[in-house]
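As stored in upload28.txt (compact mmCIF, C-alpha atoms):
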# COMPACT_ATOMS: atom_id res chain seq x y z
CA MET A 1447 103.33 149.33 44.07
CA GLY A 1448 101.16 146.73 45.82
CA ILE A 1449 97.97 148.29 47.00
CA GLU A 1450 98.30 151.29 44.71
CA SER A 1451 97.33 149.10 41.79
CA SER A 1452 93.83 148.67 43.18
CA LEU A 1453 93.57 152.18 44.54
CA LEU A 1454 91.72 154.79 42.53
CA VAL A 1455 91.84 158.49 43.21
CA ILE A 1456 88.54 160.13 42.26
CA VAL A 1457 88.83 163.78 41.31
CA PRO A 1458 85.48 165.52 40.77
CA ALA A 1459 85.88 168.61 38.63
CA HIS A 1460 83.58 171.37 37.51
CA ASN A 1461 85.27 174.15 35.56
CA GLU A 1462 88.68 173.50 37.10
CA GLY A 1463 90.60 173.82 33.84
CA ARG A 1464 93.10 176.25 35.34
CA VAL A 1465 94.32 173.94 38.09
CA ILE A 1466 93.31 170.37 37.42
CA GLY A 1467 96.30 169.70 35.19
CA ALA A 1468 98.71 170.36 38.04
CA THR A 1469 96.63 168.34 40.51
CA VAL A 1470 96.48 165.34 38.20
CA GLU A 1471 100.16 165.61 37.36
CA ASN A 1472 101.07 165.47 41.05
CA LEU A 1473 98.87 162.43 41.60
CA LEU A 1474 100.30 160.62 38.58
CA SER A 1475 103.89 161.31 39.50
CA ALA A 1476 103.16 159.90 42.95
CA GLY A 1477 102.09 156.72 41.17
CA TYR A 1478 98.34 156.88 41.68
CA GLN A 1479 95.65 155.90 39.23
CA VAL A 1480 93.32 158.79 38.63
CA VAL A 1481 89.68 159.03 37.63
CA VAL A 1482 88.57 162.53 36.75
CA VAL A 1483 84.81 163.01 36.76
CA ASP A 1484 84.17 166.11 34.69
CA ASP A 1485 80.85 167.37 35.96
CA GLY A 1486 79.66 169.05 32.78
CA SER A 1487 82.41 171.66 32.70
CA SER A 1488 82.14 174.44 30.15
CA ASP A 1489 85.81 175.41 30.30
CA HIS A 1490 88.86 173.45 29.17
CA THR A 1491 88.75 170.94 32.03
CA SER A 1492 88.55 168.21 29.38
CA ASP A 1493 92.15 168.99 28.38
CA VAL A 1494 93.04 166.75 31.30
CA ARG A 1495 92.50 163.83 28.91
CA ARG A 1496 96.06 164.34 27.68
CA PHE A 1497 97.19 162.55 30.84
CA PRO A 1498 97.01 158.76 31.24
CA ILE A 1499 93.87 158.84 33.36
CA VAL A 1500 90.29 157.66 33.18
CA TYR A 1501 88.16 160.57 32.12
CA ILE A 1502 84.42 160.41 32.72
CA ARG A 1503 82.17 163.24 31.70
CA HIS A 1504 78.67 164.15 32.85
CA ALA A 1505 76.76 165.57 29.91
CA VAL A 1506 75.27 168.22 32.19
CA ASN A 1507 76.38 169.70 35.49
CA LEU A 1508 74.88 167.74 38.38
CA GLY A 1509 76.91 168.72 41.41
CA GLN A 1510 79.88 167.45 43.38
CA GLY A 1511 77.95 164.73 45.18
CA ALA A 1512 76.79 163.30 41.85
CA ALA A 1513 80.31 163.45 40.43
CA LEU A 1514 81.73 161.57 43.42
CA GLN A 1515 79.01 158.93 43.18
CA THR A 1516 79.78 158.44 39.49
CA GLY A 1517 83.45 158.07 40.38
CA MET A 1518 82.61 155.54 43.09
CA ALA A 1519 80.37 153.58 40.73
CA TYR A 1520 83.24 153.47 38.28
CA ALA A 1521 85.68 152.38 40.99
CA LEU A 1522 83.38 149.50 41.90
CA ARG A 1523 83.08 148.38 38.30
CA ALA A 1524 86.81 148.68 37.79
CA GLY A 1525 87.42 146.44 40.79
CA ALA A 1526 89.13 149.00 43.00
CA GLU A 1527 89.78 147.99 46.60
CA ILE A 1528 90.15 151.54 47.83
CA ALA A 1529 88.86 154.82 46.47
CA VAL A 1530 90.09 158.22 47.55
CA HIS A 1531 88.12 161.45 47.11
CA PHE A 1532 90.45 164.23 46.12
CA ASP A 1533 89.64 167.86 45.28
CA ALA A 1534 90.65 169.15 41.88
CA ASP A 1535 91.61 172.63 43.02
CA GLY A 1536 94.95 171.70 44.51
CA GLN A 1537 94.05 172.20 48.16
CA HIS A 1538 94.86 168.59 49.07
CA ASP A 1539 98.32 167.09 49.26
CA CYS A 1540 98.71 163.74 47.52
CA ARG A 1541 101.57 162.81 49.85
CA GLN A 1542 98.93 162.47 52.58
CA ILE A 1543 96.97 159.77 50.76
CA GLU A 1544 99.23 157.10 52.18
CA ALA A 1545 98.42 158.06 55.76
CA LEU A 1546 94.75 158.47 54.89
CA ILE A 1547 94.37 154.93 53.60
CA GLN A 1548 96.40 153.37 56.41
CA PRO A 1549 93.40 152.57 58.66
CA ILE A 1550 91.74 150.78 55.72
CA LEU A 1551 94.89 148.82 54.88
CA GLU A 1552 95.18 147.75 58.49
CA GLY A 1553 91.54 146.69 58.49
CA ARG A 1554 90.53 149.14 61.20
CA ALA A 1555 88.14 151.24 59.15
CA ASP A 1556 85.99 151.24 56.02
CA VAL A 1557 85.90 154.99 55.67
CA VAL A 1558 88.56 157.49 56.64
CA PHE A 1559 87.60 161.14 56.78
CA GLY A 1560 90.33 163.69 56.35
CA SER A 1561 90.19 166.40 58.97
CA ARG A 1562 91.90 169.77 59.06
CA PHE A 1563 91.02 170.21 62.72
CA LEU A 1564 92.89 167.31 64.31
CA ARG A 1565 96.31 168.96 64.39
CA LYS A 1566 96.92 172.47 65.57
CA GLU A 1567 99.24 173.28 62.69
CA ASP A 1568 96.48 172.35 60.22
CA SER A 1569 93.62 174.13 61.93
CA VAL A 1570 95.46 177.43 62.29
CA ARG A 1571 95.66 177.56 58.50
CA VAL A 1572 91.88 177.76 58.21
CA PRO A 1573 90.70 181.36 57.81
CA LEU A 1574 88.46 182.50 60.67
CA LYS A 1575 85.32 183.02 58.62
CA LYS A 1576 85.75 179.63 57.01
CA ARG A 1577 86.27 178.06 60.39
CA LEU A 1578 83.00 179.44 61.72
CA VAL A 1579 81.06 178.18 58.71
CA LEU A 1580 82.70 174.76 58.96
CA LYS A 1581 82.02 174.45 62.68
CA GLY A 1582 78.38 175.29 61.99
CA GLY A 1583 78.31 172.56 59.38
CA ILE A 1584 79.81 170.09 61.82
CA LEU A 1585 77.06 170.80 64.34
CA VAL A 1586 74.32 170.53 61.71
CA SER A 1587 75.74 167.24 60.46
CA TRP A 1588 75.94 165.96 64.00
CA ALA A 1589 72.34 166.94 64.69
CA MET A 1590 71.09 165.31 61.50
CA THR A 1591 73.17 162.14 61.47
CA GLY A 1592 74.30 161.52 65.03
CA VAL A 1593 77.88 161.27 63.79
CA LEU A 1594 80.21 163.82 65.30
CA LEU A 1595 83.36 164.46 63.32
CA SER A 1596 85.89 167.21 63.79
CA ASP A 1597 85.58 168.17 60.12
CA THR A 1598 82.64 167.15 57.96
CA HIS A 1599 82.75 169.24 54.81
CA ASN A 1600 86.16 168.06 53.82
CA GLY A 1601 86.56 166.56 50.36
CA PHE A 1602 89.53 164.35 51.28
CA ARG A 1603 88.29 160.86 52.19
CA ALA A 1604 89.21 157.24 51.64
CA LEU A 1605 86.72 154.41 51.22
CA SER A 1606 87.18 150.66 51.24
CA ARG A 1607 85.45 148.45 48.70
CA ARG A 1608 82.96 147.47 51.39
CA ALA A 1609 82.09 151.14 51.80
CA LEU A 1610 81.85 151.63 48.03
CA GLU A 1611 79.34 148.81 47.88
CA ARG A 1612 77.17 150.28 50.60
CA ILE A 1613 77.30 153.99 50.00
CA GLN A 1614 75.01 155.44 47.39
CA LEU A 1615 74.97 159.23 47.43
CA GLN A 1616 71.63 160.74 46.49
CA GLU A 1617 72.49 164.31 47.33
CA ASN A 1618 73.94 165.76 44.17
CA GLY A 1619 75.07 168.99 45.76
CA PHE A 1620 77.42 169.63 48.66
CA ALA A 1621 74.94 168.14 51.11
CA HIS A 1622 76.53 164.80 50.20
CA ALA A 1623 79.15 165.44 52.88
CA THR A 1624 76.44 165.13 55.51
CA GLU A 1625 74.60 162.37 53.69
CA ILE A 1626 77.71 160.21 53.58
CA LEU A 1627 77.88 160.29 57.40
CA GLN A 1628 74.31 159.15 57.63
CA GLN A 1629 74.92 156.27 55.24
CA VAL A 1630 78.11 155.28 57.04
CA ARG A 1631 76.17 155.07 60.26
CA GLU A 1632 73.18 153.27 58.79
CA ALA A 1633 75.35 150.72 57.00
CA GLY A 1634 77.34 150.11 60.17
CA LEU A 1635 80.63 151.01 58.48
CA ARG A 1636 83.65 151.64 60.67
CA TYR A 1637 85.13 155.07 60.29
CA GLU A 1638 88.09 157.05 61.48
CA GLU A 1639 89.46 160.51 61.04
CA ALA A 1640 92.93 161.27 59.85
CA PRO A 1641 94.75 164.60 60.02
CA ILE A 1642 95.23 166.32 56.68
CA THR A 1643 96.46 169.69 55.55
CA ILE A 1644 94.42 172.02 53.39
CA THR A 1645 96.31 174.56 51.37
CA TYR A 1646 94.24 177.67 50.86
CA SER A 1647 95.21 179.34 47.64
CA ASP A 1648 93.45 182.38 46.24
CA TYR A 1649 91.96 180.08 43.67
CA SER A 1650 90.51 177.56 46.10
CA GLN A 1651 89.18 180.41 48.23
CA LEU A 1652 87.42 181.78 45.20
CA LYS A 1653 85.95 178.45 44.22
CA GLY A 1654 85.37 177.12 47.73
CA GLN A 1655 82.11 177.03 49.58
CA LYS A 1656 80.82 180.28 50.94
CA ILE A 1657 78.26 181.16 53.58
CA SER A 1658 75.58 181.30 50.90
CA GLY A 1659 76.68 177.80 49.96
CA SER A 1660 76.18 176.54 53.49
CA ILE A 1661 72.67 177.93 53.53
CA SER A 1662 71.83 176.04 50.37
CA ILE A 1663 73.33 172.89 51.90
CA LEU A 1664 71.10 173.31 54.92
CA PHE A 1665 68.13 173.88 52.65
CA ASP A 1666 68.94 170.71 50.67
CA LEU A 1667 69.21 168.69 53.86
CA ILE A 1668 65.91 169.92 55.25
CA MET A 1669 64.17 169.36 51.94
CA SER A 1670 65.57 165.85 51.69
CA LYS A 1671 64.00 165.10 55.05
CA LEU A 1672 60.66 166.66 54.11
CA THR A 1673 60.34 165.22 50.64
CA LYS A 1674 61.33 161.65 51.38
CA MET B 882 42.12 185.02 72.59
CA ILE B 883 40.04 182.43 74.28
CA LEU B 884 40.92 180.06 77.06
CA ALA B 885 41.00 177.00 74.84
CA GLN B 886 43.51 178.56 72.44
CA PRO B 887 46.75 177.33 74.06
CA ILE B 888 45.25 173.84 74.11
CA LEU B 889 44.22 174.10 70.46
CA VAL B 890 47.63 175.39 69.43
CA THR B 891 49.40 172.60 71.33
CA LEU B 892 47.09 170.02 69.82
CA LEU B 893 47.74 171.40 66.35
CA ALA B 894 51.51 171.35 66.92
CA VAL B 895 51.37 167.74 68.12
CA LEU B 896 49.27 166.77 65.11
CA VAL B 897 51.69 168.46 62.71
CA ILE B 898 54.71 166.75 64.27
CA LEU B 899 52.93 163.38 64.33
CA TYR B 900 51.95 163.85 60.72
CA PHE B 901 55.48 164.65 59.56
CA ALA B 902 57.06 161.96 61.68
CA ARG B 903 54.70 159.06 61.01
CA LEU B 904 51.64 159.55 58.87
CA ARG B 905 52.95 161.23 55.75
CA SER B 906 52.56 159.89 52.25
CA ARG B 907 52.17 161.50 48.86
CA ALA B 908 48.49 160.55 48.87
CA SER B 909 47.82 162.00 52.30
CA ASP B 910 49.64 165.18 51.33
CA GLY B 911 47.37 165.51 48.32
CA ALA B 912 44.28 164.79 50.39
CA LEU B 913 45.28 167.43 52.94
CA ILE B 914 45.82 170.01 50.22
CA PHE B 915 42.34 169.36 48.86
CA LEU B 916 40.93 169.45 52.37
CA CYS B 917 42.56 172.78 53.24
CA PHE B 918 41.54 174.48 50.01
CA GLY B 919 38.11 172.82 49.96
CA VAL B 920 37.19 173.93 53.46
CA ALA B 921 38.65 177.38 52.78
CA ALA B 922 36.54 177.67 49.61
CA LEU B 923 33.39 176.61 51.42
CA LEU B 924 34.04 179.17 54.14
CA VAL B 925 34.49 181.87 51.51
CA LEU B 926 31.00 181.02 50.30
CA ARG B 927 29.57 181.06 53.83
CA PRO B 928 31.15 184.08 55.57
CA THR B 929 28.87 183.93 58.60
CA VAL B 930 29.81 180.33 59.25
CA ALA B 931 33.44 181.29 58.78
CA THR B 932 33.17 184.04 61.37
CA ARG B 933 31.33 181.87 63.85
CA LEU B 934 33.90 179.09 63.46
CA ALA B 935 36.73 181.60 63.72
CA ASN B 936 35.32 182.99 66.96
CA PHE B 937 34.92 179.47 68.26
CA VAL B 938 38.62 178.70 67.88
CA GLY B 939 39.66 182.14 69.07
CA ILE B 940 40.49 183.77 65.75
CA GLY B 941 38.94 187.18 65.22
CA ARG B 942 37.58 187.18 61.69
CA GLY B 943 36.40 184.51 59.32
CA VAL B 944 38.80 185.75 56.65
CA ASP B 945 41.72 185.08 58.96
CA LEU B 946 40.58 181.53 59.47
CA ILE B 947 40.44 181.08 55.70
CA THR B 948 43.99 182.45 55.38
CA TYR B 949 45.20 180.10 58.08
CA LEU B 950 43.70 177.19 56.19
CA ALA B 951 45.18 178.25 52.88
CA ILE B 952 48.76 178.63 54.14
CA PRO B 953 49.36 174.99 55.15
CA GLY B 954 47.65 173.95 51.92
CA LEU B 955 50.09 176.06 49.93
CA ALA B 956 53.05 174.90 51.98
CA LEU B 957 52.21 171.25 51.33
CA LEU B 958 51.74 172.02 47.66
CA VAL B 959 55.24 173.51 47.52
CA LEU B 960 56.61 170.45 49.29
CA LEU B 961 54.94 168.14 46.79
CA LEU B 962 56.44 170.13 43.94
CA PHE B 963 59.85 169.90 45.58
CA ALA B 964 59.48 166.16 45.96
CA ARG B 965 58.63 165.88 42.30
CA THR B 966 61.63 168.00 41.31
CA ARG B 967 63.89 165.82 43.41
CA ASP B 968 62.46 162.72 41.74
CA LEU B 969 63.10 164.17 38.33
CA ASN B 970 66.58 165.18 39.39
CA ALA B 971 67.31 161.67 40.60
CA LYS B 972 66.19 160.27 37.25
CA LEU B 973 68.26 162.80 35.34
CA THR B 974 71.26 161.90 37.49
CA ALA B 975 70.80 158.21 36.81
CA ILE B 976 70.64 158.78 33.07
CA VAL B 977 73.64 161.11 32.96
CA ARG B 978 75.63 158.72 35.16
CA GLU B 979 74.83 155.65 33.08
CA ASN B 980 75.68 157.57 29.98
CA ALA B 981 78.97 158.81 31.43
CA LEU B 982 79.99 155.37 32.69
CA ALA B 983 79.06 153.68 29.43
CA SER B 984 81.69 155.71 27.64
CA ALA B 985 84.29 155.15 30.34
CA PRO B 986 86.87 152.46 29.62
CA VAL B 987 86.25 149.90 32.34
CA ASN B 988 88.85 147.37 31.35
CA ARG B 989 91.55 149.75 30.36
CA GLN B 990 93.73 150.43 33.35
CA PRO B 991 95.53 153.71 32.94
CA GLU B 992 99.19 153.22 32.06
CA GLN B 993 101.42 152.95 35.06
CA SER B 994 103.44 156.03 35.60
CA GLN B 995 106.88 156.27 37.10
CA HIS B 996 107.09 155.54 40.81
Take the structure from the file and write it as C-alpha cells.
Amino acid sequence: MGIESSLLVIVPAHNEGRVIGATVENLLSAGYQVVVVDDGSSDHTSDVRRFPIVYIRHAVNLGQGAALQTGMAYALRAGAEIAVHFDADGQHDCRQIEALIQPILEGRADVVFGSRFLRKEDSVRVPLKKRLVLKGGILVSWAMTGVLLSDTHNGFRALSRRALERIQLQENGFAHATEILQQVREAGLRYEEAPITITYSDYSQLKGQKISGSISILFDLIMSKLTK
Amino acid sequence: MILAQPILVTLLAVLVILYFARLRSRASDGALIFLCFGVAALLVLRPTVATRLANFVGIGRGVDLITYLAIPGLALLVLLLFARTRDLNAKLTAIVRENALASAPVNRQPEQSQH
C-alpha cells in the first residue's frame, strides 16, 4: 500500500446517482480511499454511503469548485499527503492515478494537471465541438493567469499536501479550474501535466460542460476581477 | 463632433482604466454612483445648462449627456450589487462547508479494501 494510505481521492458529485456507484466501486477495488462530496444532490447520490467511503454532504448546492474545496479541506484535516480530484461521472480512469501522482511522489511537482491533449490517442477522442470550447478555455485561462496548460478544464488533478495548504478555491462554479492556475502561480507551486484519457459516454456528454457553460465561466471570471 | 472629442474620449478611457486598475474601492464606487446620478439630476433641472455643457463636450443634446452620465452610474451600481452577492455567497459557502465537515468523520479512516 505505502503511499495509498495517505492518498485521498476526492469525488465531487451533484446528482450523479446513476453513475457514482460504479465510479466509487472502481476506485475502492483499486485500493484507494475515497471522499465523496455530495454537493446538495436531490437524487439518490447519497446511496453511495453504502460503500466504505467518507461521505460529506453540502446542505445546498454550491458548485463543483466549492465541493472540491470542501474535499481538500477534509483531506488536510484528515492528514492526507496527496489528494486527487476525480470526476464522478466515470470519464476518468482510476488506473491512471498512479501515473498522475508520480511527479509528486518523486518530489518534482506540487500539482499535477491531467491533460487529454498531451497524447494523440487521447486528444482524438475529444469531440470536435468540445475541443473548440476547451481550446478557447485554455486561451482565456492563459490570458487571465499567465499559466499556459494544454488542458485547463480537466477535472483530473493531483495535489500535494503543500498545495492543499496553499490553495483555497473561492470560485464555487466551474471557474475554479482557472482560479486554481492563478493560485498555483501566486503560491509559487511547482506544476506538471500528465497525459490522461477521458472516456466520453453519452452520460458524461449530457452532464458535461456546454458552450453556455463556458460563457458563464467567462462571466464568473470577469466578475471576480471586477468585484474584488 | 468637435475637435476636442477624440482627446476627451481618450482621456475618459485612460481615467476609466486607471480607476479600475488602481483607484477602486467600495467607497469610491459609491461616491461615483452618487456623483453620476447627482450631476444627472441637476442637469435635468437645468436643461439649458445641460445643453450648453453637452455642446461643449461635443454631444448634441443635453438629454444625451444626462443619459451618458446615468449609464456608468447604473453600471457601477450593478457591479456593487454583484460584489455584495459574491460576499453573501462566500459566507453561505463557508457555513455550508463548516457544517458539512463537522459531520464528516475525521478520525475514522475508511476500511481498507482488497488490493
Size and centre in Å, one decimal, axis-aligned box, all listed range 888-893 of chain B atoms plus 3 Å per side, as JSON:
{"center_x": 46.8, "center_y": 172.7, "center_z": 70.2, "size_x": 11.2, "size_y": 11.4, "size_z": 13.8}
Could you give me, as a VMD selection string, the residues that have an atom at most 9 Å away from the point (79.0, 149.1, 46.1) in the coordinates of the file, using all atoms listed in the file? chain A and resid 1518 to 1519 1522 to 1523 1607 to 1614
Please, what distance in Å, to one decimal, runs between CA of Thr1624 in chain A and CA of Ser1488 in chain A? 27.6 Å
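Protein and nucleic acid residues near (57.4, 174.3, 48.2) are Phe1665, Ile1668, Met1669, Leu1672 and Thr1673 of chain A; Ile952, Pro953, Gly954, Leu955, Ala956, Leu957, Leu958, Val959, Leu960, Leu961, Leu962, Phe963, Ala964, Arg965, Thr966 and Arg967 of chain B, the criterion being any atom at most 12 Å away using only C-alpha atoms.
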Have a look at CA of Phe901 in chain B and CA of Leu1508 in chain A and let me know their distance in Å, one decimal. 28.9 Å
Neighbouring residues of Pro1458 in chain A were defined as those with any atom within 7 Å, considering all atoms listed in the file; residues of the same chain fewer than 2 positions away were excluded. Please report them as an MDAnalysis selection string. chainID A and resid 1456 1460 1482:1485 1510 1513:1514 1533:1534
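For the atom pair formed by CA of Tyr1637 in chain A and CA of Ala1555 in chain A, the distance is 5.0 Å, given to one decimal.
Candidate residues A:Val1457, A:Val1570, A:Ala1468, A:Leu1615 were compared for distance to chain B, and the nearest is A:Leu1615, using all atoms listed in the file.
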Which of these, B:Ile898, B:Leu893, B:Ile940, B:Leu913, has the shortest distance to chain A once you count all atoms listed in the file? B:Ile898
Counting all atoms listed in the file, a student should be able to say which residues of chain A come within 7 Å of chain B; what is the right answer, written as an NGL selection string? :A and (1474-1477 or 1479 or 1498-1505 or 1508 or 1516 or 1520 or 1523-1524 or 1673)
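Between Val925 in chain B and the residues B:Thr948, B:Ala912, B:Phe937, B:Leu904, the shortest atom-to-atom distance, using only C-alpha atoms, involves B:Thr948.
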Near Ala1621 in chain A, within 8 Å and counting all atoms listed in the file, which residues show up once chain neighbours fewer than 2 positions away are dropped, as a ChimeraX atom specification? /A:1511,1617-1619,1623-1625,1663-1664,1666-1667
Go through A:Ile1642, A:Val1506, A:Ile1550, A:Val1465 and flag the residue nearest Ala1529 in chain A, using all atoms listed in the file for the distances. A:Ile1550
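Distances from B:Ala951, B:Val944, B:Leu969, B:Gln886 to Arg927 in chain B were compared using all atoms listed in the file, and the smallest one belongs to B:Val944.
Remark: for Val1593 in chain A, the closest of the candidate residues A:Leu1580, A:Val1630, A:Val1557, A:Leu1605 is A:Val1630 (distances computed over only C-alpha atoms).
Omitting range 941-943 of chain B and its sequence neighbours fewer than 5 positions away, and counting all atoms listed in the file, the residues within 9 Å are Met882, Leu924, Val925, Pro928, Thr929, Val930, Ala931, Thr932, Arg933, Leu934, Ala935, Asn936 and Thr948 of chain B.
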